[in-house]
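Trainee: I have a structure I would like to understand better, so I am pasting it below and will then ask my questions one at a time.
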Amino acid sequence: MSDAPATPPDAAEVAAFRDKVLAKLTYSVGKDPEHAVDHDWFEAIALATRDHLVDRWMAHTRATYAQQRKRVYYLSLEFLIGRLLLDSLSNLGLLDIARSALHDLDVDLERIRTLEADAALGNGGLGRLAACFMESMATLGLAAHGYGIRYEHGLFRQTIVDGRQMEQTETWLDFGNPWEFERPETSYLIGFGGSVSSATNSDGEVRQFWHWAEGIRANAYDTPIAGWRGKAVNTLRLWRARAESDFHLERFNAGDHIGAVAEEARAESISRVLYPADSTEAGQELRLRQEYFFVSASLQDLLRRHLKQHGEVESLPQYAAIQLNDTHPAIAVAELMRLLVDVHDLPWERAWTTTVATLAYTNHTLLPEALETWPVGLMERLLPRHMQIIYLINAYHIDALRARDLHDFDLLRAVSLIEEDNGRRVRMGNLAFLGSHSVNGVSGLHTELMRSTVFSQLHALYPERINNKTNGITFRRWLYQTNPALTALLVEAAGPQLLDDPQQYLSAIEAFANKASFRKRFAAQRRQKKLELAQLVEERLAISINPDALFDVHIKRIHEYKRQLLNLLHTVALYQAMRAEPATTWVPRVKIFAGKAAASYHQAKLIIKLANDIARTINADPTLRGQLKLVFLPNYNVSLAEAIIPAADLSEQISTAGLEASGTSNMKFALNGALTIGTLDGANVEMAERIGQEHMFIFGMTAAQVQARKRADAFSAQQSVADSARLHEVLQAIRNGVFSPDEPSRYTALVDNLIAYDNFFVCADFEAYWAAQQRVSDYWQTPDQWWRSAVLNTARAGWFSSDRTISEYAREIWQVMD
Ligand code: 26Q
């Protein structure tokens, strides 16, 4: 943001933007420039920017309609967007114009832009992927619509009090949301509960009627999403739940004011809050209500659009592709069947063909506890007609297998939509699989594991269905916006075409990896970002860190499988080694952690406490002479990621092999020139193939080895501890309260458990990880080597653009591109 534009922006455009901002401030915000506070300026600038979006938005919408283009619908319970101001300005080519217009008004865009609240309508990777995809779909000019829920409260705000995570309600809408348009005229009724009756019509056909007991309104709010150079502007449509007004009017008229208001609150609770990714939250009725609410509203909306333009429903697959982001919207299979059969009178078979040809499903996890299932009883009570439809789908499905002479009981059991073992439950993964023509994983390894594990039997029945779409990230946000100075350096080297096609032109940077002068500028730019991060750490934590130390960064949701604990064990081992040899000069390191734990995930919260306990101890130890520090930055979100990633030297991607479906921060770090220490898991595997293992620090057990060990023995770590004096010492220190003198037994159970059941192979991988970290330290001491690898990481990251991912979806699943 600080670098000057190569050519000054057009004076007339600057003046026009300045006048627009002033007009917005006066007539929309209602403030005199003399008295405007920073937030007023933010709103005025956002509204001025929005005007520019709207012109292109309407043009794109009109063209899509006129050309009868096939549309893509991305259904997701999460869109982890972050801030939008820079995104919109930058993609519309208005950034320099705006900066200079605001300069004339004595307003600093850098300061003002930080006043925008993050839209944190997601938990982590899956939600951020949806946001990157929205941007890439607009960049590629697809006619795409995102559908989700307009949560009043996004992911909780994390504070750290006495080293422990506290959750606070997130309130992004407190100051309003300048990007959204409320659409009071676009509203649908969503039914819940009640019963189903059948009747025979005059043609002798049996029809089902769902008499739902409760009707809730879904109201649309639209946010325009601009693609690069404003090529297309698409819509993110989020639904807000409201009480059906006729309903509570009746109550009011009957004099039941309290009852009417309570009903209103109950209805509106559906869009009140984002569910945290947490197994203990699974199976909650409100979550199922959210899923059905947004799916039904979205399908009704897109069917209305389709009917208006094409007059009948059976051509839906020709004009619409619906992508389900994990199983969260999987009830769409039953809801689309219901709408086609019950509302639009299609015979079952034709409705099924239409449904399967329209829907596609993306799987994001193989963790058994994250595979959604719903109790049959709950489904029958909340969605009785859908439960009937699910039984019917299942019956046809099993019949079809028997017709193929497949009678094996275990096979039928495995592929059934109903799990019979622990109370009868509906398997949403199997429902999504059967109801879709495409089922994809998000990295090569993950897709292979889908075929060989959770979906192996369904895969055998439908061998063409599972396909891979390795994740990607949008370079506009994760390079151009977060790292403008690096971007300028790359453009200077590879030419301005890099901005329009980084996939192709980034590789031109390879040649510069061998140029000492280029490496020097690359490193100098990194140092600038490290200084900025050091300042942020100083402001937020009052900890001073050395910008010349190696910044070793681990930022993501806190989860046992992501193994933040392994990194903490390494930190303690390093600490003990430094204490044992105080005279040795060590590579100075700053361990940087950030991430949220689900509120009820006890073990993850204890890991946060341990990180903070270790930080307190080592940051205060003078014998280390500042050679090792640990900082835990609170409230990890998209904006914090944007500040940390460009300042990282080392990217920690150390999940237990086979458990991280893809990972996407791994790509963001590499693109910005950090080196990865990682396992052969998720997209790390493909990064190693494309960037070269020799420019990464790969270590540890492979997914196959993990699988074999799980089959062979119980996962005790006794042997690992016996084999490693270093690990033994680390565990003893933590167990005995070296880092928790105020409560020496705080980590006894954690350590004992780790030794008894090393479920995530933390101990098993410890020595390999230690050795890899030694290689990191050695490598760092030869800066020419290090920065050559860093430049090559950037140069070879092009393939991980979400433009590449989306063009694969567009060609191979949606059939909307040649
Ligand atoms: C389920 C039921 C009830 C409540 C919440 C949930 C829930 C919510 C969110 C379950 C899972 C999630 C999020 C999963 C997620 O973010 N997965 C990540 O997806 C990324 C994008 O594909 C991958 O890169 C990551 O590897 C994967 O962990």
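How things are named: the first chain in the structure tokens is A, the next is B, and so on; residues count from 1 in each chain; ligands count from 1 in the order shown.
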Give one line per residue of chain A that approaches ligand 1 to at most 6 Å, naming the two atoms of the closest pair and their distance in Å to one decimal, counting only C-alpha atoms and all ligand atoms; sort by chain then ascending residue number and deliver it as a tab-separated table.

Mentor:
```
residue	atom	partner	partner_atom_place_in_ligand_line	distance
A:Asn123	CA	ligand 1	9 (C)	5.8
A:Gly124	CA	ligand 1	16 (O)	4.7
A:Gly125	CA	ligand 1	20 (C)	3.9
A:Leu126	CA	ligand 1	16 (O)	3.7
A:Leu129	CA	ligand 1	21 (C)	5.6
A:Tyr275	CA	ligand 1	4 (C)	5.2
A:Pro276	CA	ligand 1	5 (C)	5.4
A:Ala277	CA	ligand 1	8 (C)	3.8
A:Asp278	CA	ligand 1	5 (C)	5.5
A:Glu281	CA	ligand 1	3 (C)	5.5
A:Ala282	CA	ligand 1	3 (C)	4.1
A:His364	CA	ligand 1	19 (O)	4.9
A:Thr365	CA	ligand 1	27 (C)	5.9
A:Ala370	CA	ligand 1	10 (C)	5.6
A:Val442	CA	ligand 1	22 (O)	5.5
A:Glu660	CA	ligand 1	26 (O)	4.3
A:Ala661	CA	ligand 1	26 (O)	3.8
A:Ser662	CA	ligand 1	26 (O)	3.9
A:Gly663	CA	ligand 1	24 (O)	3.4
A:Thr664	CA	ligand 1	24 (O)	4.9
```

Trainee: I need the chosen residues saved as an mmCIF file, in the first residue's frame, with C-alpha atoms.

Mentor:
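Saved file again-v4.cif follows:
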```cif
data_model
loop_
_atom_site.group_PDB
_atom_site.id
_atom_site.type_symbol
_atom_site.label_atom_id
_atom_site.label_comp_id
_atom_site.auth_asym_id
_atom_site.auth_seq_id
_atom_site.Cartn_x
_atom_site.Cartn_y
_atom_site.Cartn_z
ATOM 1 C CA ASN A 123 -14.671 -21.126 10.664
ATOM 2 C CA GLY A 124 -11.532 -21.572 8.629
ATOM 3 C CA GLY A 125 -10.332 -23.158 5.411
ATOM 4 C CA LEU A 126 -13.679 -24.215 3.992
ATOM 5 C CA LEU A 129 -12.080 -21.225 0.110
ATOM 6 C CA TYR A 275 -21.859 -22.714 14.329
ATOM 7 C CA PRO A 276 -18.242 -23.338 15.237
ATOM 8 C CA ALA A 277 -16.604 -26.367 13.613
ATOM 9 C CA ASP A 278 -16.834 -28.685 16.539
ATOM 10 C CA GLU A 281 -21.996 -29.098 18.318
ATOM 11 C CA ALA A 282 -22.949 -31.647 15.702
ATOM 12 C CA HIS A 364 -13.468 -31.351 2.758
ATOM 13 C CA THR A 365 -12.729 -33.844 5.492
ATOM 14 C CA ALA A 370 -16.841 -34.434 11.131
ATOM 15 C CA VAL A 442 -9.644 -30.970 -2.535
ATOM 16 C CA GLU A 660 -5.498 -32.407 6.453
ATOM 17 C CA ALA A 661 -7.682 -32.559 3.343
ATOM 18 C CA SER A 662 -5.709 -29.857 1.569
ATOM 19 C CA GLY A 663 -4.729 -26.801 3.565
ATOM 20 C CA THR A 664 -4.712 -23.429 1.855
#
```

Trainee: Just list the residues in segment 541-637 of chain A DSSP gives helix (DSSP H, G or I) on the backbone, as a short mmCIF file (atom, residue, chain, number, x, y, z; two decimals) with N, CA and C atoms, in the first residue's frame.

Mentor:
```cif
data_model
loop_
_atom_site.label_atom_id
_atom_site.label_comp_id
_atom_site.auth_asym_id
_atom_site.auth_seq_id
_atom_site.Cartn_x
_atom_site.Cartn_y
_atom_site.Cartn_z
N LEU A 541 0.91 -7.07 22.29
CA LEU A 541 1.34 -7.97 23.37
C LEU A 541 2.43 -7.38 24.24
N GLU A 560 -6.09 -30.95 17.34
CA GLU A 560 -5.03 -31.92 17.62
C GLU A 560 -4.36 -32.44 16.35
N TYR A 561 -5.16 -32.64 15.27
CA TYR A 561 -4.53 -33.22 14.08
C TYR A 561 -3.59 -32.24 13.38
N LYS A 562 -3.78 -30.95 13.63
CA LYS A 562 -2.88 -29.95 13.02
C LYS A 562 -1.56 -29.83 13.79
N GLN A 564 -0.29 -28.42 16.63
CA GLN A 564 0.38 -27.29 17.27
C GLN A 564 1.22 -27.79 18.44
N LEU A 565 0.77 -28.91 19.04
CA LEU A 565 1.50 -29.48 20.18
C LEU A 565 2.91 -29.92 19.77
N LEU A 566 3.03 -30.50 18.60
CA LEU A 566 4.35 -30.92 18.11
C LEU A 566 5.29 -29.71 18.03
N ASN A 567 4.77 -28.61 17.52
CA ASN A 567 5.57 -27.38 17.42
C ASN A 567 5.95 -26.88 18.82
N LEU A 568 5.04 -26.99 19.76
CA LEU A 568 5.34 -26.56 21.13
C LEU A 568 6.42 -27.45 21.76
N LEU A 569 6.35 -28.74 21.46
CA LEU A 569 7.39 -29.63 21.99
C LEU A 569 8.75 -29.24 21.41
N HIS A 570 8.76 -28.90 20.15
CA HIS A 570 10.02 -28.45 19.54
C HIS A 570 10.53 -27.17 20.21
N THR A 571 9.59 -26.26 20.49
CA THR A 571 9.97 -25.00 21.14
C THR A 571 10.65 -25.29 22.48
N VAL A 572 10.07 -26.20 23.24
CA VAL A 572 10.64 -26.53 24.55
C VAL A 572 12.00 -27.21 24.38
N ALA A 573 12.11 -28.10 23.39
CA ALA A 573 13.38 -28.78 23.15
C ALA A 573 14.47 -27.76 22.82
N LEU A 574 14.11 -26.79 22.01
CA LEU A 574 15.06 -25.74 21.62
C LEU A 574 15.45 -24.92 22.85
N TYR A 575 14.47 -24.63 23.64
CA TYR A 575 14.69 -23.87 24.88
C TYR A 575 15.67 -24.61 25.79
N GLN A 576 15.45 -25.91 25.93
CA GLN A 576 16.32 -26.69 26.80
C GLN A 576 17.73 -26.78 26.23
N ALA A 577 17.82 -26.91 24.91
CA ALA A 577 19.14 -26.97 24.29
C ALA A 577 19.90 -25.65 24.48
N MET A 578 19.20 -24.56 24.34
CA MET A 578 19.83 -23.24 24.51
C MET A 578 20.29 -23.04 25.96
N ARG A 579 19.47 -23.50 26.88
CA ARG A 579 19.83 -23.37 28.30
C ARG A 579 21.03 -24.24 28.64
N ALA A 580 21.10 -25.40 27.96
CA ALA A 580 22.20 -26.32 28.24
C ALA A 580 23.53 -25.80 27.69
N HIS A 602 -11.96 -28.99 24.70
CA HIS A 602 -11.13 -28.82 25.89
C HIS A 602 -9.64 -28.96 25.58
N GLN A 603 -9.30 -30.01 24.85
CA GLN A 603 -7.89 -30.30 24.58
C GLN A 603 -7.23 -29.17 23.78
N ALA A 604 -7.96 -28.64 22.81
CA ALA A 604 -7.41 -27.55 21.99
C ALA A 604 -7.21 -26.30 22.84
N LYS A 605 -8.12 -26.08 23.77
CA LYS A 605 -7.98 -24.90 24.63
C LYS A 605 -6.80 -25.05 25.58
N LEU A 606 -6.55 -26.28 25.98
CA LEU A 606 -5.41 -26.53 26.86
C LEU A 606 -4.10 -26.29 26.10
N ILE A 607 -4.10 -26.59 24.83
CA ILE A 607 -2.90 -26.35 24.01
C ILE A 607 -2.63 -24.83 23.91
N ILE A 608 -3.69 -24.05 23.82
CA ILE A 608 -3.51 -22.59 23.82
C ILE A 608 -2.90 -22.14 25.15
N LYS A 609 -3.41 -22.69 26.22
CA LYS A 609 -2.87 -22.33 27.54
C LYS A 609 -1.40 -22.73 27.65
N LEU A 610 -1.07 -23.91 27.13
CA LEU A 610 0.32 -24.36 27.17
C LEU A 610 1.22 -23.42 26.36
N ALA A 611 0.75 -23.01 25.20
CA ALA A 611 1.54 -22.08 24.38
C ALA A 611 1.81 -20.81 25.17
N ASN A 612 0.80 -20.32 25.83
CA ASN A 612 0.97 -19.08 26.59
C ASN A 612 1.84 -19.27 27.84
N ASP A 613 1.74 -20.45 28.44
CA ASP A 613 2.61 -20.75 29.58
C ASP A 613 4.08 -20.81 29.15
N ILE A 614 4.30 -21.47 28.03
CA ILE A 614 5.68 -21.57 27.53
C ILE A 614 6.19 -20.17 27.16
N ALA A 615 5.33 -19.40 26.53
CA ALA A 615 5.72 -18.03 26.14
C ALA A 615 6.15 -17.23 27.37
N ARG A 616 5.35 -17.30 28.40
CA ARG A 616 5.65 -16.52 29.61
C ARG A 616 7.02 -16.89 30.16
N THR A 617 7.30 -18.18 30.18
CA THR A 617 8.56 -18.65 30.74
C THR A 617 9.75 -18.24 29.87
N ILE A 618 9.69 -18.57 28.60
CA ILE A 618 10.90 -18.35 27.79
C ILE A 618 11.10 -16.88 27.44
N ASN A 619 10.02 -16.13 27.27
CA ASN A 619 10.20 -14.72 26.92
C ASN A 619 10.85 -13.93 28.06
N PRO A 622 16.39 -14.49 30.77
CA PRO A 622 17.50 -13.68 30.24
C PRO A 622 18.64 -14.52 29.67
N THR A 623 18.74 -15.79 30.12
CA THR A 623 19.86 -16.59 29.61
C THR A 623 19.74 -16.85 28.10
N LEU A 624 18.56 -16.69 27.54
CA LEU A 624 18.38 -16.94 26.10
C LEU A 624 18.85 -15.76 25.26
#
```

Trainee: Can I get the residues of segment 117-223 of chain A within 10 Å of segment 283-305 of chain A, each with the closest pair of atoms and their distance in Å to one decimal, using only C-alpha atoms, sorted chain first then ascending number, as a Markdown table?

Mentor:
```
| residue | atom | partner | partner_atom | distance |
| --- | --- | --- | --- | --- |
| A:His145 | CA | A:Leu302 | CA | 9.5 |
| A:Gly146 | CA | A:Ser298 | CA | 9.4 |
| A:Tyr147 | CA | A:Ser298 | CA | 6.4 |
| A:Gly148 | CA | A:Phe294 | CA | 6.3 |
| A:Ile149 | CA | A:Phe294 | CA | 6.4 |
| A:Arg150 | CA | A:Phe294 | CA | 9.7 |
| A:Thr186 | CA | A:Asp301 | CA | 8.3 |
| A:Ser187 | CA | A:Ala297 | CA | 8.0 |
| A:Tyr188 | CA | A:Ala297 | CA | 6.0 |
| A:Leu189 | CA | A:Ala297 | CA | 7.6 |
| A:Ile190 | CA | A:Phe293 | CA | 6.3 |
| A:Gly191 | CA | A:Phe293 | CA | 8.4 |
| A:Phe192 | CA | A:Arg289 | CA | 8.2 |
| A:Ile216 | CA | A:Phe293 | CA | 8.3 |
| A:Arg217 | CA | A:Ala297 | CA | 8.8 |
| A:Ala218 | CA | A:Ala297 | CA | 6.3 |
| A:Asn219 | CA | A:Ala297 | CA | 8.6 |
| A:Ala220 | CA | A:Ala297 | CA | 9.0 |
```

Trainee: Residues of the last selection are to be written out with C-alpha atoms, as a short mmCIF file (atom, residue, chain, number, x, y, z; two decimals), in the first residue's frame.

Mentor:
```
data_model
loop_
_atom_site.label_atom_id
_atom_site.label_comp_id
_atom_site.auth_asym_id
_atom_site.auth_seq_id
_atom_site.Cartn_x
_atom_site.Cartn_y
_atom_site.Cartn_z
CA HIS A 145 -24.08 -16.78 -7.40
CA GLY A 146 -22.99 -17.55 -3.86
CA TYR A 147 -25.74 -18.56 -1.44
CA GLY A 148 -25.38 -18.63 2.34
CA ILE A 149 -26.64 -17.23 5.62
CA ARG A 150 -26.31 -13.65 6.78
CA THR A 186 -37.02 -11.31 -2.55
CA SER A 187 -38.33 -13.50 0.18
CA TYR A 188 -39.44 -17.10 0.56
CA LEU A 189 -41.41 -19.08 3.10
CA ILE A 190 -39.57 -22.02 4.60
CA GLY A 191 -41.62 -24.72 6.29
CA PHE A 192 -40.75 -26.85 9.30
CA ILE A 216 -40.20 -18.87 8.51
CA ARG A 217 -39.30 -16.10 6.06
CA ALA A 218 -35.98 -15.98 4.29
CA ASN A 219 -35.08 -12.44 3.23
CA ALA A 220 -32.30 -11.79 0.72
#
```

Trainee: From the set A:Leu236, A:Ala351, A:Ala583, A:Ile698, which residue has the shortest atom-to-atom contact distance to Ser315 of chain A, counting only C-alpha atoms?

Mentor: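 Looking at the shortest contact to Ser315 of chain A, the residue is A:Ala351.
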
Trainee: Could you list, as a list in words, every residue within 12 Å of Ala395 of chain A, counting only C-alpha atoms and ignoring same-chain residues fewer than 4 positions away?

Mentor: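 Everything that qualifies: Gln388, Ile389, Ile390, Tyr391, Asp399, Ala400, Leu401, Arg402, Leu412, Val415, Ser416, Leu417 and Ile418 of chain A.
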
Trainee: How would the residues just picked look written out with N, CA and C atoms as a PDB file, in the first residue's frame?

Mentor:
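Written file, result.pdb:
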```pdb
ATOM      1  N   GLN A 388     -39.312 -38.940   4.119  1.00  0.00           N
ATOM      2  CA  GLN A 388     -39.949 -39.882   3.175  1.00  0.00           C
ATOM      3  C   GLN A 388     -39.136 -39.983   1.888  1.00  0.00           C
ATOM      4  N   ILE A 389     -38.747 -38.827   1.393  1.00  0.00           N
ATOM      5  CA  ILE A 389     -38.002 -38.795   0.122  1.00  0.00           C
ATOM      6  C   ILE A 389     -36.666 -39.525   0.270  1.00  0.00           C
ATOM      7  N   ILE A 390     -36.007 -39.323   1.406  1.00  0.00           N
ATOM      8  CA  ILE A 390     -34.726 -40.002   1.641  1.00  0.00           C
ATOM      9  C   ILE A 390     -34.928 -41.523   1.686  1.00  0.00           C
ATOM     10  N   TYR A 391     -36.003 -41.968   2.333  1.00  0.00           N
ATOM     11  CA  TYR A 391     -36.290 -43.407   2.344  1.00  0.00           C
ATOM     12  C   TYR A 391     -36.525 -43.924   0.924  1.00  0.00           C
ATOM     13  N   ASP A 399     -32.540 -51.191  -4.500  1.00  0.00           N
ATOM     14  CA  ASP A 399     -33.133 -52.005  -5.573  1.00  0.00           C
ATOM     15  C   ASP A 399     -32.196 -52.097  -6.769  1.00  0.00           C
ATOM     16  N   ALA A 400     -31.628 -50.939  -7.118  1.00  0.00           N
ATOM     17  CA  ALA A 400     -30.741 -50.903  -8.287  1.00  0.00           C
ATOM     18  C   ALA A 400     -29.533 -51.817  -8.068  1.00  0.00           C
ATOM     19  N   LEU A 401     -29.047 -51.862  -6.836  1.00  0.00           N
ATOM     20  CA  LEU A 401     -27.898 -52.725  -6.542  1.00  0.00           C
ATOM     21  C   LEU A 401     -28.306 -54.197  -6.664  1.00  0.00           C
ATOM     22  N   ARG A 402     -29.487 -54.498  -6.117  1.00  0.00           N
ATOM     23  CA  ARG A 402     -29.941 -55.900  -6.204  1.00  0.00           C
ATOM     24  C   ARG A 402     -30.131 -56.291  -7.655  1.00  0.00           C
ATOM     25  N   LEU A 412     -24.346 -53.505   1.221  1.00  0.00           N
ATOM     26  CA  LEU A 412     -25.612 -52.765   1.289  1.00  0.00           C
ATOM     27  C   LEU A 412     -25.651 -51.870   2.527  1.00  0.00           C
ATOM     28  N   VAL A 415     -23.339 -48.718   1.991  1.00  0.00           N
ATOM     29  CA  VAL A 415     -23.738 -47.688   1.033  1.00  0.00           C
ATOM     30  C   VAL A 415     -25.134 -47.131   1.325  1.00  0.00           C
ATOM     31  N   SER A 416     -25.787 -47.657   2.343  1.00  0.00           N
ATOM     32  CA  SER A 416     -27.139 -47.190   2.671  1.00  0.00           C
ATOM     33  C   SER A 416     -27.125 -45.730   3.142  1.00  0.00           C
ATOM     34  N   LEU A 417     -28.230 -45.035   2.935  1.00  0.00           N
ATOM     35  CA  LEU A 417     -28.352 -43.661   3.432  1.00  0.00           C
ATOM     36  C   LEU A 417     -28.629 -43.652   4.932  1.00  0.00           C
ATOM     37  N   ILE A 418     -29.000 -44.801   5.453  1.00  0.00           N
ATOM     38  CA  ILE A 418     -29.340 -44.871   6.871  1.00  0.00           C
ATOM     39  C   ILE A 418     -28.301 -45.698   7.608  1.00  0.00           C
TER      40      ILE A 418
END
```

Trainee: Show which residues sit within 7 Å of Gly673 of chain A, as an MDAnalysis selection string. Count only C-alpha atoms, and ignore same-chain residues fewer than 3 positions away.

Mentor: chainID A and resid 669:670 790:791 793:794

Trainee: Hey, can you spit out that residue selection with N, CA, C and O atoms as a PDB file, in the first residue's frame?

Mentor:
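Now in result.pdb:
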```
ATOM      1  N   PHE A 669       1.521 -18.892   2.079  1.00  0.00           N
ATOM      2  CA  PHE A 669       2.895 -18.682   2.545  1.00  0.00           C
ATOM      3  C   PHE A 669       3.895 -18.852   1.398  1.00  0.00           C
ATOM      4  O   PHE A 669       4.789 -18.038   1.219  1.00  0.00           O
ATOM      5  N   ALA A 670       3.750 -19.935   0.659  1.00  0.00           N
ATOM      6  CA  ALA A 670       4.703 -20.208  -0.418  1.00  0.00           C
ATOM      7  C   ALA A 670       4.669 -19.079  -1.451  1.00  0.00           C
ATOM      8  O   ALA A 670       5.712 -18.604  -1.904  1.00  0.00           O
ATOM      9  N   ALA A 790      13.458 -19.224  -1.435  1.00  0.00           N
ATOM     10  CA  ALA A 790      12.285 -18.386  -1.183  1.00  0.00           C
ATOM     11  C   ALA A 790      11.727 -17.843  -2.505  1.00  0.00           C
ATOM     12  O   ALA A 790      10.523 -17.922  -2.772  1.00  0.00           O
ATOM     13  N   VAL A 791      12.640 -17.327  -3.344  1.00  0.00           N
ATOM     14  CA  VAL A 791      12.203 -16.792  -4.638  1.00  0.00           C
ATOM     15  C   VAL A 791      11.570 -17.906  -5.474  1.00  0.00           C
ATOM     16  O   VAL A 791      10.535 -17.703  -6.123  1.00  0.00           O
ATOM     17  N   ASN A 793      10.018 -20.527  -4.377  1.00  0.00           N
ATOM     18  CA  ASN A 793       8.684 -20.819  -3.844  1.00  0.00           C
ATOM     19  C   ASN A 793       7.658 -19.895  -4.485  1.00  0.00           C
ATOM     20  O   ASN A 793       6.599 -20.335  -4.944  1.00  0.00           O
ATOM     21  N   THR A 794       7.964 -18.609  -4.524  1.00  0.00           N
ATOM     22  CA  THR A 794       7.046 -17.648  -5.159  1.00  0.00           C
ATOM     23  C   THR A 794       6.877 -17.967  -6.647  1.00  0.00           C
ATOM     24  O   THR A 794       5.750 -18.046  -7.151  1.00  0.00           O
TER      25      THR A 794
END
```

Trainee: Write out as an MDAnalysis selection string each polymer residue whose atoms come within 12 Å of Ser777 of chain A, counting only C-alpha atoms; drop sequence neighbours fewer than 6 positions from it.

Mentor: chainID A and resid 549:552 574 585:589 649:650 675 677 697 770:771 783 786

Trainee: Residues as selected, N, CA and C atoms, written as an mmCIF file, in the first residue's frame, can you do that?

Mentor:
```cif
data_model
loop_
_atom_site.group_PDB
_atom_site.id
_atom_site.type_symbol
_atom_site.label_atom_id
_atom_site.label_comp_id
_atom_site.auth_asym_id
_atom_site.auth_seq_id
_atom_site.Cartn_x
_atom_site.Cartn_y
_atom_site.Cartn_z
ATOM 1 N N ALA A 549 15.414 -12.176 13.377
ATOM 2 C CA ALA A 549 15.259 -13.586 13.745
ATOM 3 C C ALA A 549 14.453 -14.304 12.674
ATOM 4 N N LEU A 550 14.523 -15.628 12.680
ATOM 5 C CA LEU A 550 13.717 -16.432 11.773
ATOM 6 C C LEU A 550 12.280 -16.443 12.315
ATOM 7 N N PHE A 551 11.338 -15.966 11.513
ATOM 8 C CA PHE A 551 9.935 -15.951 11.938
ATOM 9 C C PHE A 551 9.302 -17.293 11.537
ATOM 10 N N ASP A 552 9.011 -18.074 12.547
ATOM 11 C CA ASP A 552 8.545 -19.455 12.377
ATOM 12 C C ASP A 552 7.051 -19.450 12.745
ATOM 13 N N LEU A 574 14.113 -26.789 22.012
ATOM 14 C CA LEU A 574 15.060 -25.743 21.622
ATOM 15 C C LEU A 574 15.451 -24.918 22.851
ATOM 16 N N THR A 585 26.122 -19.825 19.892
ATOM 17 C CA THR A 585 25.286 -18.867 19.164
ATOM 18 C C THR A 585 24.260 -19.660 18.353
ATOM 19 N N TRP A 586 23.004 -19.406 18.642
ATOM 20 C CA TRP A 586 21.916 -20.123 17.976
ATOM 21 C C TRP A 586 21.282 -19.233 16.919
ATOM 22 N N VAL A 587 20.620 -19.889 15.979
ATOM 23 C CA VAL A 587 19.837 -19.098 15.023
ATOM 24 C C VAL A 587 18.669 -18.502 15.799
ATOM 25 N N PRO A 588 18.578 -17.177 15.873
ATOM 26 C CA PRO A 588 17.473 -16.600 16.634
ATOM 27 C C PRO A 588 16.130 -16.905 15.960
ATOM 28 N N ARG A 589 15.160 -17.304 16.779
ATOM 29 C CA ARG A 589 13.845 -17.669 16.236
ATOM 30 C C ARG A 589 12.741 -16.983 17.012
ATOM 31 N N ASP A 649 8.974 -16.343 7.595
ATOM 32 C CA ASP A 649 10.084 -17.018 6.927
ATOM 33 C C ASP A 649 9.792 -18.499 6.772
ATOM 34 N N LEU A 650 9.188 -19.076 7.811
ATOM 35 C CA LEU A 650 8.934 -20.510 7.828
ATOM 36 C C LEU A 650 7.453 -20.764 8.073
ATOM 37 N N LEU A 675 9.364 -20.501 3.303
ATOM 38 C CA LEU A 675 9.658 -21.914 3.094
ATOM 39 C C LEU A 675 8.783 -22.741 4.025
ATOM 40 N N ILE A 677 7.889 -26.028 6.330
ATOM 41 C CA ILE A 677 8.248 -27.272 7.008
ATOM 42 C C ILE A 677 6.940 -28.045 7.098
ATOM 43 N N PHE A 697 11.024 -28.328 3.656
ATOM 44 C CA PHE A 697 11.559 -29.215 4.693
ATOM 45 C C PHE A 697 10.481 -30.253 5.009
ATOM 46 N N TRP A 770 12.323 -32.662 14.734
ATOM 47 C CA TRP A 770 13.501 -31.990 15.292
ATOM 48 C C TRP A 770 14.608 -31.909 14.224
ATOM 49 N N ALA A 771 14.829 -33.018 13.555
ATOM 50 C CA ALA A 771 15.886 -33.050 12.538
ATOM 51 C C ALA A 771 15.561 -32.075 11.401
ATOM 52 N N PRO A 783 22.332 -17.434 3.683
ATOM 53 C CA PRO A 783 21.244 -16.621 3.131
ATOM 54 C C PRO A 783 21.082 -16.754 1.622
ATOM 55 N N TRP A 786 18.960 -19.742 1.137
ATOM 56 C CA TRP A 786 17.611 -19.541 1.676
ATOM 57 C C TRP A 786 16.776 -18.675 0.737
#
```
